[in-house]
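K.L.:
Sending over protein31.csv (CSV, C-alpha atoms and all ligand atoms).
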chain,number,residue,atom,x,y,z
A,1237,MET,CA,-193.2,41.6,201.1
A,1238,SER,CA,-190.9,38.7,200.1
A,1239,GLU,CA,-192.2,35.7,198.2
A,1240,LEU,CA,-193.9,33.1,200.4
A,1241,ILE,CA,-192.4,29.7,199.7
A,1242,VAL,CA,-194.6,27.9,202.2
A,1243,ASP,CA,-198.0,29.2,203.2
A,1244,VAL,CA,-200.1,27.1,205.6
A,1245,ARG,CA,-203.5,28.5,206.6
A,1246,ASP,CA,-205.8,27.1,209.3
A,1247,LEU,CA,-204.4,23.6,208.8
A,1248,THR,CA,-206.0,20.7,210.7
A,1249,VAL,CA,-204.6,17.2,210.3
A,1250,GLU,CA,-205.8,13.9,211.8
A,1251,LEU,CA,-203.8,10.7,212.1
A,1252,GLY,CA,-205.7,7.5,212.8
A,1253,GLU,CA,-208.8,9.7,213.3
A,1254,ARG,CA,-207.1,11.6,216.1
A,1255,PRO,CA,-206.6,15.3,215.6
A,1256,VAL,CA,-202.8,16.0,215.6
A,1257,LEU,CA,-202.6,19.6,214.2
A,1258,HIS,CA,-205.2,22.2,215.1
A,1259,GLY,CA,-205.7,25.3,213.0
A,1260,ILE,CA,-202.0,25.9,212.1
A,1261,ASP,CA,-201.0,29.1,210.4
A,1262,PHE,CA,-197.4,29.0,209.3
A,1263,GLN,CA,-195.4,30.8,206.6
A,1264,VAL,CA,-191.9,30.6,205.3
A,1265,SER,CA,-190.5,33.3,203.0
A,1266,ARG,CA,-187.8,33.0,200.3
A,1267,GLY,CA,-184.3,32.9,201.8
A,1268,GLU,CA,-185.4,32.1,205.3
A,1269,VAL,CA,-184.1,29.2,207.5
A,1270,VAL,CA,-187.0,28.3,209.7
A,1271,THR,CA,-186.8,25.7,212.4
A,1272,LEU,CA,-189.7,23.8,213.9
A,1273,LEU,CA,-189.2,23.2,217.6
A,1274,GLY,CA,-191.4,21.5,220.2
A,1275,ALA,CA,-191.7,18.5,222.5
A,1276,ASN,CA,-191.8,15.0,221.2
A,1277,GLY,CA,-195.2,14.4,219.7
A,1278,SER,CA,-196.1,18.1,219.3
A,1279,GLY,CA,-196.7,17.6,215.6
A,1280,LYS,CA,-193.5,18.9,213.9
A,1281,SER,CA,-193.0,15.9,211.6
A,1282,THR,CA,-196.7,15.8,210.9
A,1283,LEU,CA,-196.6,19.5,209.8
A,1284,VAL,CA,-193.6,18.9,207.6
A,1285,ARG,CA,-195.2,15.8,206.1
A,1286,ALA,CA,-198.4,17.7,205.3
A,1287,ILE,CA,-196.3,20.5,203.6
A,1288,VAL,CA,-194.5,18.0,201.3
A,1289,GLY,CA,-197.8,16.4,200.4
A,1290,LEU,CA,-197.6,13.1,202.3
A,1291,ILE,CA,-200.6,13.7,204.6
A,1292,PRO,CA,-203.8,15.2,203.4
A,1293,PRO,CA,-205.3,18.1,205.4
A,1294,VAL,CA,-208.7,17.6,207.0
A,1295,THR,CA,-209.3,21.4,206.7
A,1296,GLY,CA,-207.1,24.3,205.7
A,1297,ASP,CA,-204.9,25.2,202.8
A,1298,ILE,CA,-201.3,24.6,201.9
A,1299,THR,CA,-199.6,26.6,199.2
A,1300,ILE,CA,-196.0,26.0,198.1
A,1301,PHE,CA,-194.2,28.3,195.6
A,1302,GLY,CA,-197.5,30.1,195.2
A,1303,GLN,CA,-199.3,27.0,194.0
A,1304,PRO,CA,-202.0,25.1,196.0
A,1305,LEU,CA,-200.4,21.9,197.0
A,1306,ARG,CA,-203.2,19.8,195.5
A,1307,SER,CA,-202.3,21.1,192.0
A,1308,PHE,CA,-198.5,21.4,192.5
A,1309,HIS,CA,-196.3,19.5,190.1
A,1310,ASP,CA,-192.9,21.1,190.2
A,1311,TRP,CA,-191.5,18.5,192.7
A,1312,PRO,CA,-187.8,19.0,191.7
A,1313,ARG,CA,-188.0,22.4,193.4
A,1314,LEU,CA,-188.5,20.6,196.7
A,1315,GLY,CA,-185.9,18.4,198.5
A,1316,TYR,CA,-187.1,16.4,201.5
A,1317,VAL,CA,-185.3,14.2,203.9
A,1318,PRO,CA,-187.6,12.4,206.4
A,1319,GLN,CA,-186.8,11.6,210.0
A,1320,ARG,CA,-184.9,8.5,211.0
A,1321,THR,CA,-184.5,6.8,207.7
A,1322,THR,CA,-181.6,4.7,206.6
A,1323,ALA,CA,-180.4,4.7,203.1
A,1324,ALA,CA,-179.1,1.1,203.1
A,1325,GLY,CA,-182.1,-1.2,203.2
A,1326,GLY,CA,-179.9,-4.0,201.8
A,1327,VAL,CA,-179.4,-2.2,198.5
A,1328,PRO,CA,-175.8,-2.6,197.3
A,1329,ALA,CA,-175.5,1.0,196.0
A,1330,THR,CA,-172.6,3.3,196.5
A,1331,VAL,CA,-173.0,6.7,198.2
A,1332,ARG,CA,-172.6,8.3,194.8
A,1333,GLU,CA,-175.4,6.2,193.3
A,1334,VAL,CA,-177.7,7.0,196.2
A,1335,VAL,CA,-177.0,10.8,195.9
A,1336,ALA,CA,-177.3,10.6,192.1
A,1337,SER,CA,-180.8,9.2,192.4
A,1338,GLY,CA,-181.8,12.7,193.7
A,1339,ARG,CA,-181.2,14.0,190.1
A,1340,LEU,CA,-183.7,11.6,188.5
A,1341,ALA,CA,-186.6,14.0,188.6
A,1342,ARG,CA,-184.5,16.5,186.6
A,1343,ARG,CA,-183.3,14.1,184.0
A,1344,LYS,CA,-185.0,12.8,180.8
A,1345,PRO,CA,-185.9,9.1,181.2
A,1346,PHE,CA,-183.3,6.7,179.8
A,1347,TRP,CA,-180.8,9.5,179.0
A,1348,PRO,CA,-177.3,9.3,180.5
A,1349,SER,CA,-176.4,11.7,183.2
A,1350,THR,CA,-175.0,15.0,181.9
A,1351,ARG,CA,-172.0,16.9,183.1
A,1352,SER,CA,-174.2,19.2,185.2
A,1353,ASP,CA,-175.8,16.1,186.8
A,1354,ARG,CA,-172.4,14.8,187.8
A,1355,GLU,CA,-171.2,18.2,189.1
A,1356,ALA,CA,-174.4,18.6,191.1
A,1357,VAL,CA,-173.9,15.1,192.7
A,1358,ASP,CA,-170.2,15.9,193.5
A,1359,ARG,CA,-171.2,19.3,195.1
A,1360,ALA,CA,-173.9,17.6,197.2
A,1361,ILE,CA,-171.5,14.9,198.4
A,1362,GLU,CA,-168.9,17.5,199.2
A,1363,MET,CA,-171.6,19.5,201.1
A,1364,VAL,CA,-172.2,16.8,203.6
A,1365,GLY,CA,-168.5,15.9,203.9
A,1366,LEU,CA,-168.7,12.4,202.4
A,1367,ALA,CA,-166.3,13.0,199.5
A,1368,ASP,CA,-163.9,10.4,200.8
A,1369,ARG,CA,-166.7,7.8,201.0
A,1370,ALA,CA,-168.4,8.5,197.7
A,1371,ASP,CA,-167.5,5.2,196.2
A,1372,ASP,CA,-168.2,3.1,199.3
A,1373,GLY,CA,-171.3,1.0,199.7
A,1374,ILE,CA,-174.0,2.9,201.5
A,1375,HIS,CA,-174.4,-0.1,203.9
A,1376,THR,CA,-170.8,0.4,205.1
A,1377,LEU,CA,-171.6,3.9,206.5
A,1378,SER,CA,-172.8,4.7,210.0
A,1379,GLY,CA,-176.4,5.7,210.6
A,1380,GLY,CA,-175.3,9.4,210.8
A,1381,GLN,CA,-173.3,9.1,207.6
A,1382,GLN,CA,-176.3,7.5,205.8
A,1383,GLN,CA,-178.4,10.4,207.0
A,1384,ARG,CA,-175.9,12.8,205.4
A,1385,ALA,CA,-176.0,10.8,202.2
A,1386,LEU,CA,-179.8,11.3,202.1
A,1387,ILE,CA,-179.4,15.0,202.7
A,1388,ALA,CA,-177.0,15.0,199.8
A,1389,ARG,CA,-179.5,13.2,197.7
A,1390,ALA,CA,-182.1,15.8,198.4
A,1391,ALA,CA,-179.6,18.6,197.7
A,1392,SER,CA,-178.4,17.1,194.5
A,1393,GLY,CA,-181.6,17.9,192.7
A,1394,ASP,CA,-180.8,21.6,193.2
A,1395,PRO,CA,-184.1,22.3,195.1
A,1396,ASP,CA,-185.3,25.8,195.9
A,1397,LEU,CA,-186.7,24.5,199.2
A,1398,LEU,CA,-184.9,22.0,201.4
A,1399,VAL,CA,-187.1,20.4,204.1
A,1400,LEU,CA,-185.1,18.4,206.6
A,1401,ASP,CA,-186.6,16.5,209.5
A,1402,GLU,CA,-183.9,16.3,212.2
A,1403,PRO,CA,-180.9,16.3,209.9
A,1404,ASN,CA,-178.4,16.2,212.7
A,1405,ALA,CA,-179.9,13.3,214.7
A,1406,GLY,CA,-177.0,11.0,215.5
A,1407,VAL,CA,-174.5,13.0,213.5
A,1408,ASP,CA,-171.2,13.9,215.1
A,1409,GLN,CA,-170.2,17.5,215.9
A,1410,ARG,CA,-167.6,17.8,213.2
A,1411,SER,CA,-170.0,16.7,210.5
A,1412,GLN,CA,-172.7,19.0,211.9
A,1413,GLU,CA,-170.2,21.9,211.5
A,1414,ALA,CA,-169.4,20.9,207.9
A,1415,PHE,CA,-173.1,20.6,207.2
A,1416,ALA,CA,-173.8,24.1,208.7
A,1417,ARG,CA,-171.1,25.6,206.5
A,1418,SER,CA,-172.6,24.0,203.4
A,1419,LEU,CA,-176.1,25.0,204.3
A,1420,ARG,CA,-174.9,28.6,204.6
A,1421,THR,CA,-173.8,28.5,201.0
A,1422,PHE,CA,-177.1,27.0,200.0
A,1423,VAL,CA,-179.0,29.8,201.7
A,1424,ALA,CA,-176.7,32.5,200.4
A,1425,SER,CA,-177.9,31.6,196.9
A,1426,GLY,CA,-181.4,32.8,197.9
A,1427,ARG,CA,-182.8,29.4,198.7
A,1428,THR,CA,-185.0,28.4,201.6
A,1429,VAL,CA,-184.7,25.8,204.3
A,1430,LEU,CA,-187.3,24.3,206.7
A,1431,LEU,CA,-185.8,22.2,209.5
A,1432,VAL,CA,-187.1,20.2,212.4
A,1433,LEU,CA,-184.5,20.3,215.1
A,1434,HIS,CA,-184.1,19.2,218.7
A,1435,ASP,CA,-180.5,20.3,218.9
A,1436,MET,CA,-179.6,23.3,216.9
A,1437,GLY,CA,-175.9,23.0,217.5
A,1438,PRO,CA,-173.8,24.7,214.8
A,1439,LEU,CA,-176.9,25.5,212.7
A,1440,GLU,CA,-178.1,28.0,215.4
A,1441,PRO,CA,-176.5,31.1,213.8
A,1442,LEU,CA,-178.0,30.2,210.4
A,1443,VAL,CA,-181.6,29.9,211.7
A,1444,SER,CA,-183.6,33.0,211.0
A,1445,ARG,CA,-186.8,32.1,212.8
A,1446,GLY,CA,-188.0,29.5,215.3
A,1447,VAL,CA,-191.6,28.2,215.4
A,1448,VAL,CA,-192.5,26.2,218.5
A,1449,LEU,CA,-195.4,23.7,218.3
A,1450,ASP,CA,-197.2,22.6,221.4
A,1451,ALA,CA,-199.8,19.9,221.2
A,1452,GLY,CA,-200.4,20.5,217.6
A,1453,ARG,CA,-200.7,24.3,217.9
A,1454,VAL,CA,-198.2,27.1,217.2
A,1455,ALA,CA,-197.1,28.3,220.6
A,1456,TYR,CA,-194.4,30.7,219.5
A,1457,ASP,CA,-193.2,32.2,216.2
A,1458,GLY,CA,-190.3,34.6,216.2
A,1459,PRO,CA,-186.6,35.0,216.5
A,1460,VAL,CA,-184.8,32.0,217.8
A,1461,PRO,CA,-184.9,32.1,221.6
A,1462,VAL,CA,-181.6,32.5,223.4
A,1463,PRO,CA,-180.8,31.3,226.8
A,1464,VAL,CA,-180.7,33.6,229.9
A,1465,ALA,CA,-180.1,30.9,232.5
A,1466,ALA,CA,-180.4,27.2,232.8
A,1467,GLY,CA,-183.9,26.2,232.0
A,1468,ARG,CA,-185.0,29.8,231.1
A,1469,HIS,CA,-184.6,31.5,227.8
A,1470,VAL,CA,-185.4,34.9,226.5
A,1471,GLY,CA,-186.8,35.9,223.1
A,1472,HIS,CA,-185.2,38.6,221.0
A,1473,PRO,CA,-186.9,42.0,221.2
A,1474,GLY,CA,-190.0,41.9,219.1
A,1475,ALA,CA,-190.7,38.2,219.5
A,1476,HIS,CA,-194.4,38.5,219.0
A,1477,SER,CA,-195.8,35.5,220.8
A,1478,ALA,CA,-193.9,35.5,224.0
A,1479,ALA,CA,-197.0,35.5,226.2
A,1480,VAL,CA,-198.6,32.8,224.1
A,1481,ALA,CA,-195.6,30.5,224.6
A,1482,GLY,CA,-196.4,30.4,228.3
A,1483,GLY,CA,-193.7,32.4,229.9
A,1484,SER,CA,-193.8,35.7,231.7
A,1485,ALA,CA,-194.3,38.6,229.4
A,1486,ALA,CA,-193.5,41.0,232.2
A,1487,ASP,CA,-189.9,40.0,232.5
A,1488,GLY,CA,-189.5,39.3,228.8
A,1489,THR,CA,-188.9,35.6,229.2
A,1490,ILE,CA,-190.8,33.1,227.2
A,1491,GLY,CA,-191.8,29.6,228.0
A,1492,VAL,CA,-190.3,27.9,225.0
A,1493,PRO,CA,-188.1,25.6,227.1
A,1494,SER,CA,-191.1,24.0,228.7
A,1495,ALA,CA,-192.4,23.3,225.3
A,1496,VAL,CA,-189.2,21.8,224.1
A,1497,PRO,CA,-187.9,19.2,226.6
A,1498,ASN,CA,-184.7,17.5,225.7
A,1499,ASP,CA,-186.1,14.0,225.9
A,1500,HIS,CA,-185.5,13.0,222.3
A,1501,PRO,CA,-184.3,9.4,222.0
A,1502,HIS,CA,-181.8,10.0,219.2
A,1503,SER,CA,-180.1,13.1,220.3
A,1504,SER,CA,-176.4,13.0,219.3
A,1505,ASP,CA,-175.2,14.6,222.6
A,1506,GLU,CA,-177.0,13.7,225.8
A,1507,GLU,CA,-175.2,16.6,227.6
A,1508,THR,CA,-176.7,19.2,225.3
A,1509,GLY,CA,-179.9,21.1,225.8
A,1510,PRO,CA,-182.7,21.4,223.4
A,1511,PHE,CA,-181.1,24.2,221.5
A,1512,GLY,CA,-177.7,22.8,221.5
A,1513,TRP,CA,-176.6,24.5,224.7
A,1514,THR,CA,-175.0,22.8,227.6
A,1515,SER,CA,-177.5,22.6,230.3
A,1601,LIG,N1,-199.4,7.2,211.9
A,1601,LIG,C1,-199.9,7.7,213.0
A,1601,LIG,N2,-201.1,7.4,213.5
A,1601,LIG,C2,-201.6,7.9,214.6
A,1601,LIG,N3,-201.0,8.9,215.3
A,1601,LIG,C3,-199.7,9.3,214.9
A,1601,LIG,C4,-199.1,8.7,213.7
A,1601,LIG,N4,-197.9,9.3,213.6
A,1601,LIG,C5,-197.8,10.2,214.6
A,1601,LIG,N5,-198.8,10.1,215.4
A,1601,LIG,C6,-199.1,11.0,216.6
A,1601,LIG,O1,-199.2,12.3,216.2
A,1601,LIG,C7,-198.6,13.2,217.1
A,1601,LIG,C8,-197.6,14.0,216.4
A,1601,LIG,O2,-196.5,13.2,216.0
A,1601,LIG,P1,-195.2,13.9,215.3
A,1601,LIG,O3,-194.3,12.7,214.9
A,1601,LIG,O4,-195.7,14.8,214.2
A,1601,LIG,O5,-194.5,14.7,216.4
A,1601,LIG,P2,-193.1,15.3,216.5
A,1601,LIG,O6,-193.2,16.7,217.1
A,1601,LIG,O7,-192.4,15.3,215.2
A,1601,LIG,O8,-192.4,14.3,217.5
A,1601,LIG,P3,-190.8,13.8,217.6
A,1601,LIG,O9,-190.0,15.0,218.0
A,1601,LIG,O10,-190.9,12.7,218.6
A,1601,LIG,O11,-190.4,13.4,216.2
A,1601,LIG,C9,-198.0,12.3,218.2
A,1601,LIG,O12,-198.9,12.2,219.3
A,1601,LIG,C10,-197.9,10.9,217.5
A,1601,LIG,O13,-198.0,9.9,218.5
Translate this structure into C-alpha cells?
P.N.:
Amino acid sequence: MSELIVDVRDLTVELGERPVLHGIDFQVSRGEVVTLLGANGSGKSTLVRAIVGLIPPVTGDITIFGQPLRSFHDWPRLGYVPQRTTAAGGVPATVREVVASGRLARRKPFWPSTRSDREAVDRAIEMVGLADRADDGIHTLSGGQQQRALIARAASGDPDLLVLDEPNAGVDQRSQEAFARSLRTFVASGRTVLLVLHDMGPLEPLVSRGVVLDAGRVAYDGPVPVPVAAGRHVGHPGAHSAAVAGGSAADGTIGVPSAVPNDHPHSSDEETGPFGWTS
C-alpha cells in the first residue's frame, strides 16, 4: 500500500462548544490529489484546519507523514493556503517578497537567500502565472491574483503536501487553467495535494478522489462523480459509498449533488455547477 500522507481516524472537532466534525475517517496517500466537497458549513475547512494543526481534536487521531500531529515538527513539508485571505493587509510588499516569505522555514536565520531559494521563488511565481507582476506591490493585485500569490508562497517552500482551501475562488478561467497545468507538474513529481473545491473547473482531470462531507460526516469517498444529467451525477464503477451518499444504489446514481449545492458566495462563475459544469 502506498504511503499515507494524511491519516485521520475517528476525528471529532468542536467549535464554540458545538460539534462540527463527527467521527471522521479520512486518508490521503502519496501522489493523490484529493478534493473535499460538500455544502456550505459541512465542515470542509474545519477538517483541513484540523489536519494542518490549527484546531485541536476533541477525540481521534491525526497523523501526517507518518507522525502524530501533536509531535510533528517538519512544517516545511506542508504548504497551506487558507480560504478567503488577502495578502495585502496594508503591507507594502511586492509579489516576489510575499512569495519569498514562503521560503523562510527552509532558510537559516539571518542568512541571505541562496540561489536555490531564488529559483524556487521564481518557479512558484511562474506556476501561478504572476511572472509579469512579480515586482508589483501586492496591494495593486486583484483579490484573485492575491490568492494566487499566496498559493505561490505555499509552493515556494517546496512542500511535499499542498493543502489549498478553495484556491480558485474568484480566480478567472485562464488563471485557473494555468494553475491546473502547474499543479499537474507538482503532482507528477510524486507530491500530494488536498483541496477544498466548490468548482473543480480545469482541476477536474487532475483530481484522483472526491470526499463529500455532509453535516460533519463523510458521506462519500471515491472517484470524482461525473454528471449524467442536470442535477444528477453518477459515480465511477466501484465508488464504494454510493448508497451512503443518499442516491439510488439501484440505478448507480449517487446523491452527491444534493450534498453539494452551488450556493457558495464567492464562486468565480455563477453559471457553473458545483463541479464546474454548466447547469
Ligand atoms: N469559529 C467558529 N465557531 C463556531 N462555529 C464555527 C466556527 N467556524 C465555523 N463554524 C461552523 O462550523 C461549521 C463548519 O464550518 P466550515 O467552515 O468548516 O464549513 P465549510 O464546509 O468549509 O463551509 P464553506 O463551504 O462555506 O467554506 C459551520 O456550521 C460553521 O458555521
K.L.:
Using all atoms listed in the file, which residues of the polymer chains come no farther than 10 Å from ligand LIG 1601 (chain A)? I'd like the answer as number ranges by chain.
P.N.:
A: 1249-1257, 1272-1286, 1291, 1319-1320, 1401-1402, 1432-1434, 1448-1452, 1496-1502
K.L.:
Could you turn the residues from that selection into a file that holds C-alpha atoms, as a compact mmCIF listing (two decimals), in the coordinates of the input?
P.N.:
# COMPACT_ATOMS: atom_id res chain seq x y z
CA VAL A 1249 -204.60 17.20 210.30
CA GLU A 1250 -205.80 13.90 211.80
CA LEU A 1251 -203.80 10.70 212.10
CA GLY A 1252 -205.70 7.50 212.80
CA GLU A 1253 -208.80 9.70 213.30
CA ARG A 1254 -207.10 11.60 216.10
CA PRO A 1255 -206.60 15.30 215.60
CA VAL A 1256 -202.80 16.00 215.60
CA LEU A 1257 -202.60 19.60 214.20
CA LEU A 1272 -189.70 23.80 213.90
CA LEU A 1273 -189.20 23.20 217.60
CA GLY A 1274 -191.40 21.50 220.20
CA ALA A 1275 -191.70 18.50 222.50
CA ASN A 1276 -191.80 15.00 221.20
CA GLY A 1277 -195.20 14.40 219.70
CA SER A 1278 -196.10 18.10 219.30
CA GLY A 1279 -196.70 17.60 215.60
CA LYS A 1280 -193.50 18.90 213.90
CA SER A 1281 -193.00 15.90 211.60
CA THR A 1282 -196.70 15.80 210.90
CA LEU A 1283 -196.60 19.50 209.80
CA VAL A 1284 -193.60 18.90 207.60
CA ARG A 1285 -195.20 15.80 206.10
CA ALA A 1286 -198.40 17.70 205.30
CA ILE A 1291 -200.60 13.70 204.60
CA GLN A 1319 -186.80 11.60 210.00
CA ARG A 1320 -184.90 8.50 211.00
CA ASP A 1401 -186.60 16.50 209.50
CA GLU A 1402 -183.90 16.30 212.20
CA VAL A 1432 -187.10 20.20 212.40
CA LEU A 1433 -184.50 20.30 215.10
CA HIS A 1434 -184.10 19.20 218.70
CA VAL A 1448 -192.50 26.20 218.50
CA LEU A 1449 -195.40 23.70 218.30
CA ASP A 1450 -197.20 22.60 221.40
CA ALA A 1451 -199.80 19.90 221.20
CA GLY A 1452 -200.40 20.50 217.60
CA VAL A 1496 -189.20 21.80 224.10
CA PRO A 1497 -187.90 19.20 226.60
CA ASN A 1498 -184.70 17.50 225.70
CA ASP A 1499 -186.10 14.00 225.90
CA HIS A 1500 -185.50 13.00 222.30
CA PRO A 1501 -184.30 9.40 222.00
CA HIS A 1502 -181.80 10.00 219.20
K.L.:
For a cutoff of 6 Å around the file-coordinate point (-179.3, 24.4, 195.8), which residues qualify once you count all atoms listed in the file? I'd like the result as a CSV table (one decimal) with C-alpha atoms, in the coordinates of the input.
P.N.:
chain,number,residue,atom,x,y,z
A,1394,ASP,CA,-180.8,21.6,193.2
A,1395,PRO,CA,-184.1,22.3,195.1
A,1422,PHE,CA,-177.1,27.0,200.0
K.L.:
Any idea what's packed within 10 Å of Phe1262 (chain A), counting only C-alpha atoms, ignoring anything in its chain fewer than 5 positions away? Could you give it as a list of chain:residue names?
P.N.:
A:Val1242, A:Asp1243, A:Val1244, A:Arg1245, A:Asp1246, A:Leu1247, A:Leu1283, A:Ile1298, A:Val1447, A:Val1454, A:Asp1457
K.L.:
Have a look at CA of Gly1302 (chain A) and CA of Leu1240 (chain A) and let me know their distance in Å, one decimal.
P.N.:
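Between these atoms lies a distance of 7.0 Å.
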K.L.:
To one decimal in Å, tell me the separation between CA of Arg1266 (chain A) and CA of Ser1307 (chain A).
P.N.:
20.5 Å
K.L.:
If I take CA of Val1335 (chain A) and CA of Gly1446 (chain A), how far is one from the other in Å, to one decimal?
P.N.:
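Taking CA of Val1335 (chain A) and CA of Gly1446 (chain A), their separation equals 29.1 Å.
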K.L.:
Find the residue from A:Val1294, A:Ile1361, A:Val1288, A:Ala1424 that sits nearest to Arg1389 (chain A); use all atoms listed in the file when measuring.
P.N.:
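Answer, going by the shortest atom-to-atom distance: A:Ile1361.
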K.L.:
Of the candidates A:Met1436, A:Val1357, A:Leu1290, A:Ala1367, which one gets nearest to Ala1405 (chain A) if we count all atoms listed in the file?
P.N.:
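Closest residue, counting all atoms listed in the file: A:Met1436.
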K.L.:
Missing atoms in region 1248-1272 of chain A need filling: write out N, CA and C atoms for it as a PDB file, keeping the file's coordinate frame.
P.N.:
ATOM      1  N   THR A1248    -205.696  21.732 209.703  1.00  0.00           N
ATOM      2  CA  THR A1248    -206.000  20.700 210.700  1.00  0.00           C
ATOM      3  C   THR A1248    -205.704  19.336 210.023  1.00  0.00           C
ATOM      4  N   VAL A1249    -204.988  18.505 210.790  1.00  0.00           N
ATOM      5  CA  VAL A1249    -204.600  17.200 210.300  1.00  0.00           C
ATOM      6  C   VAL A1249    -204.978  16.143 211.335  1.00  0.00           C
ATOM      7  N   GLU A1250    -205.494  15.018 210.864  1.00  0.00           N
ATOM      8  CA  GLU A1250    -205.800  13.900 211.800  1.00  0.00           C
ATOM      9  C   GLU A1250    -204.932  12.697 211.345  1.00  0.00           C
ATOM     10  N   LEU A1251    -204.501  11.957 212.330  1.00  0.00           N
ATOM     11  CA  LEU A1251    -203.800  10.700 212.100  1.00  0.00           C
ATOM     12  C   LEU A1251    -204.543   9.611 212.822  1.00  0.00           C
ATOM     13  N   GLY A1252    -204.936   8.567 212.131  1.00  0.00           N
ATOM     14  CA  GLY A1252    -205.700   7.500 212.800  1.00  0.00           C
ATOM     15  C   GLY A1252    -206.950   8.088 213.462  1.00  0.00           C
ATOM     16  N   GLU A1253    -207.590   9.026 212.813  1.00  0.00           N
ATOM     17  CA  GLU A1253    -208.800   9.700 213.300  1.00  0.00           C
ATOM     18  C   GLU A1253    -208.608  10.524 214.537  1.00  0.00           C
ATOM     19  N   ARG A1254    -207.340  10.722 214.907  1.00  0.00           N
ATOM     20  CA  ARG A1254    -207.100  11.600 216.100  1.00  0.00           C
ATOM     21  C   ARG A1254    -206.512  12.914 215.566  1.00  0.00           C
ATOM     22  N   PRO A1255    -207.114  14.039 216.006  1.00  0.00           N
ATOM     23  CA  PRO A1255    -206.600  15.300 215.600  1.00  0.00           C
ATOM     24  C   PRO A1255    -205.164  15.521 216.106  1.00  0.00           C
ATOM     25  N   VAL A1256    -204.252  15.866 215.206  1.00  0.00           N
ATOM     26  CA  VAL A1256    -202.800  16.000 215.600  1.00  0.00           C
ATOM     27  C   VAL A1256    -202.423  17.506 215.417  1.00  0.00           C
ATOM     28  N   LEU A1257    -202.887  18.145 214.364  1.00  0.00           N
ATOM     29  CA  LEU A1257    -202.600  19.600 214.200  1.00  0.00           C
ATOM     30  C   LEU A1257    -203.959  20.310 214.179  1.00  0.00           C
ATOM     31  N   HIS A1258    -203.974  21.455 214.876  1.00  0.00           N
ATOM     32  CA  HIS A1258    -205.200  22.200 215.100  1.00  0.00           C
ATOM     33  C   HIS A1258    -205.088  23.618 214.591  1.00  0.00           C
ATOM     34  N   GLY A1259    -205.615  23.919 213.455  1.00  0.00           N
ATOM     35  CA  GLY A1259    -205.700  25.300 213.000  1.00  0.00           C
ATOM     36  C   GLY A1259    -204.315  25.989 212.884  1.00  0.00           C
ATOM     37  N   ILE A1260    -203.369  25.317 212.236  1.00  0.00           N
ATOM     38  CA  ILE A1260    -202.000  25.900 212.100  1.00  0.00           C
ATOM     39  C   ILE A1260    -201.928  26.930 211.040  1.00  0.00           C
ATOM     40  N   ASP A1261    -201.380  28.099 211.387  1.00  0.00           N
ATOM     41  CA  ASP A1261    -201.000  29.100 210.400  1.00  0.00           C
ATOM     42  C   ASP A1261    -199.462  29.186 210.451  1.00  0.00           C
ATOM     43  N   PHE A1262    -198.847  29.067 209.280  1.00  0.00           N
ATOM     44  CA  PHE A1262    -197.400  29.000 209.300  1.00  0.00           C
ATOM     45  C   PHE A1262    -196.878  29.379 207.887  1.00  0.00           C
ATOM     46  N   GLN A1263    -195.945  30.313 207.875  1.00  0.00           N
ATOM     47  CA  GLN A1263    -195.400  30.800 206.600  1.00  0.00           C
ATOM     48  C   GLN A1263    -193.879  30.717 206.606  1.00  0.00           C
ATOM     49  N   VAL A1264    -193.319  30.481 205.440  1.00  0.00           N
ATOM     50  CA  VAL A1264    -191.900  30.600 205.300  1.00  0.00           C
ATOM     51  C   VAL A1264    -191.617  31.388 203.994  1.00  0.00           C
ATOM     52  N   SER A1265    -190.801  32.430 204.128  1.00  0.00           N
ATOM     53  CA  SER A1265    -190.500  33.300 203.000  1.00  0.00           C
ATOM     54  C   SER A1265    -189.182  32.878 202.325  1.00  0.00           C
ATOM     55  N   ARG A1266    -189.030  33.285 201.080  1.00  0.00           N
ATOM     56  CA  ARG A1266    -187.800  33.000 200.300  1.00  0.00           C
ATOM     57  C   ARG A1266    -186.568  33.419 201.113  1.00  0.00           C
ATOM     58  N   GLY A1267    -185.583  32.544 201.194  1.00  0.00           N
ATOM     59  CA  GLY A1267    -184.300  32.900 201.800  1.00  0.00           C
ATOM     60  C   GLY A1267    -184.269  32.641 203.321  1.00  0.00           C
ATOM     61  N   GLU A1268    -185.394  32.295 203.906  1.00  0.00           N
ATOM     62  CA  GLU A1268    -185.400  32.100 205.300  1.00  0.00           C
ATOM     63  C   GLU A1268    -184.878  30.653 205.671  1.00  0.00           C
ATOM     64  N   VAL A1269    -184.341  30.531 206.889  1.00  0.00           N
ATOM     65  CA  VAL A1269    -184.100  29.200 207.500  1.00  0.00           C
ATOM     66  C   VAL A1269    -184.936  29.138 208.718  1.00  0.00           C
ATOM     67  N   VAL A1270    -185.986  28.357 208.626  1.00  0.00           N
ATOM     68  CA  VAL A1270    -187.000  28.300 209.700  1.00  0.00           C
ATOM     69  C   VAL A1270    -186.862  26.934 210.381  1.00  0.00           C
ATOM     70  N   THR A1271    -186.831  26.944 211.704  1.00  0.00           N
ATOM     71  CA  THR A1271    -186.800  25.700 212.400  1.00  0.00           C
ATOM     72  C   THR A1271    -188.078  25.460 213.198  1.00  0.00           C
ATOM     73  N   LEU A1272    -188.590  24.246 213.118  1.00  0.00           N
ATOM     74  CA  LEU A1272    -189.700  23.800 213.900  1.00  0.00           C
ATOM     75  C   LEU A1272    -189.183  23.193 215.196  1.00  0.00           C
TER      76      LEU A1272
END
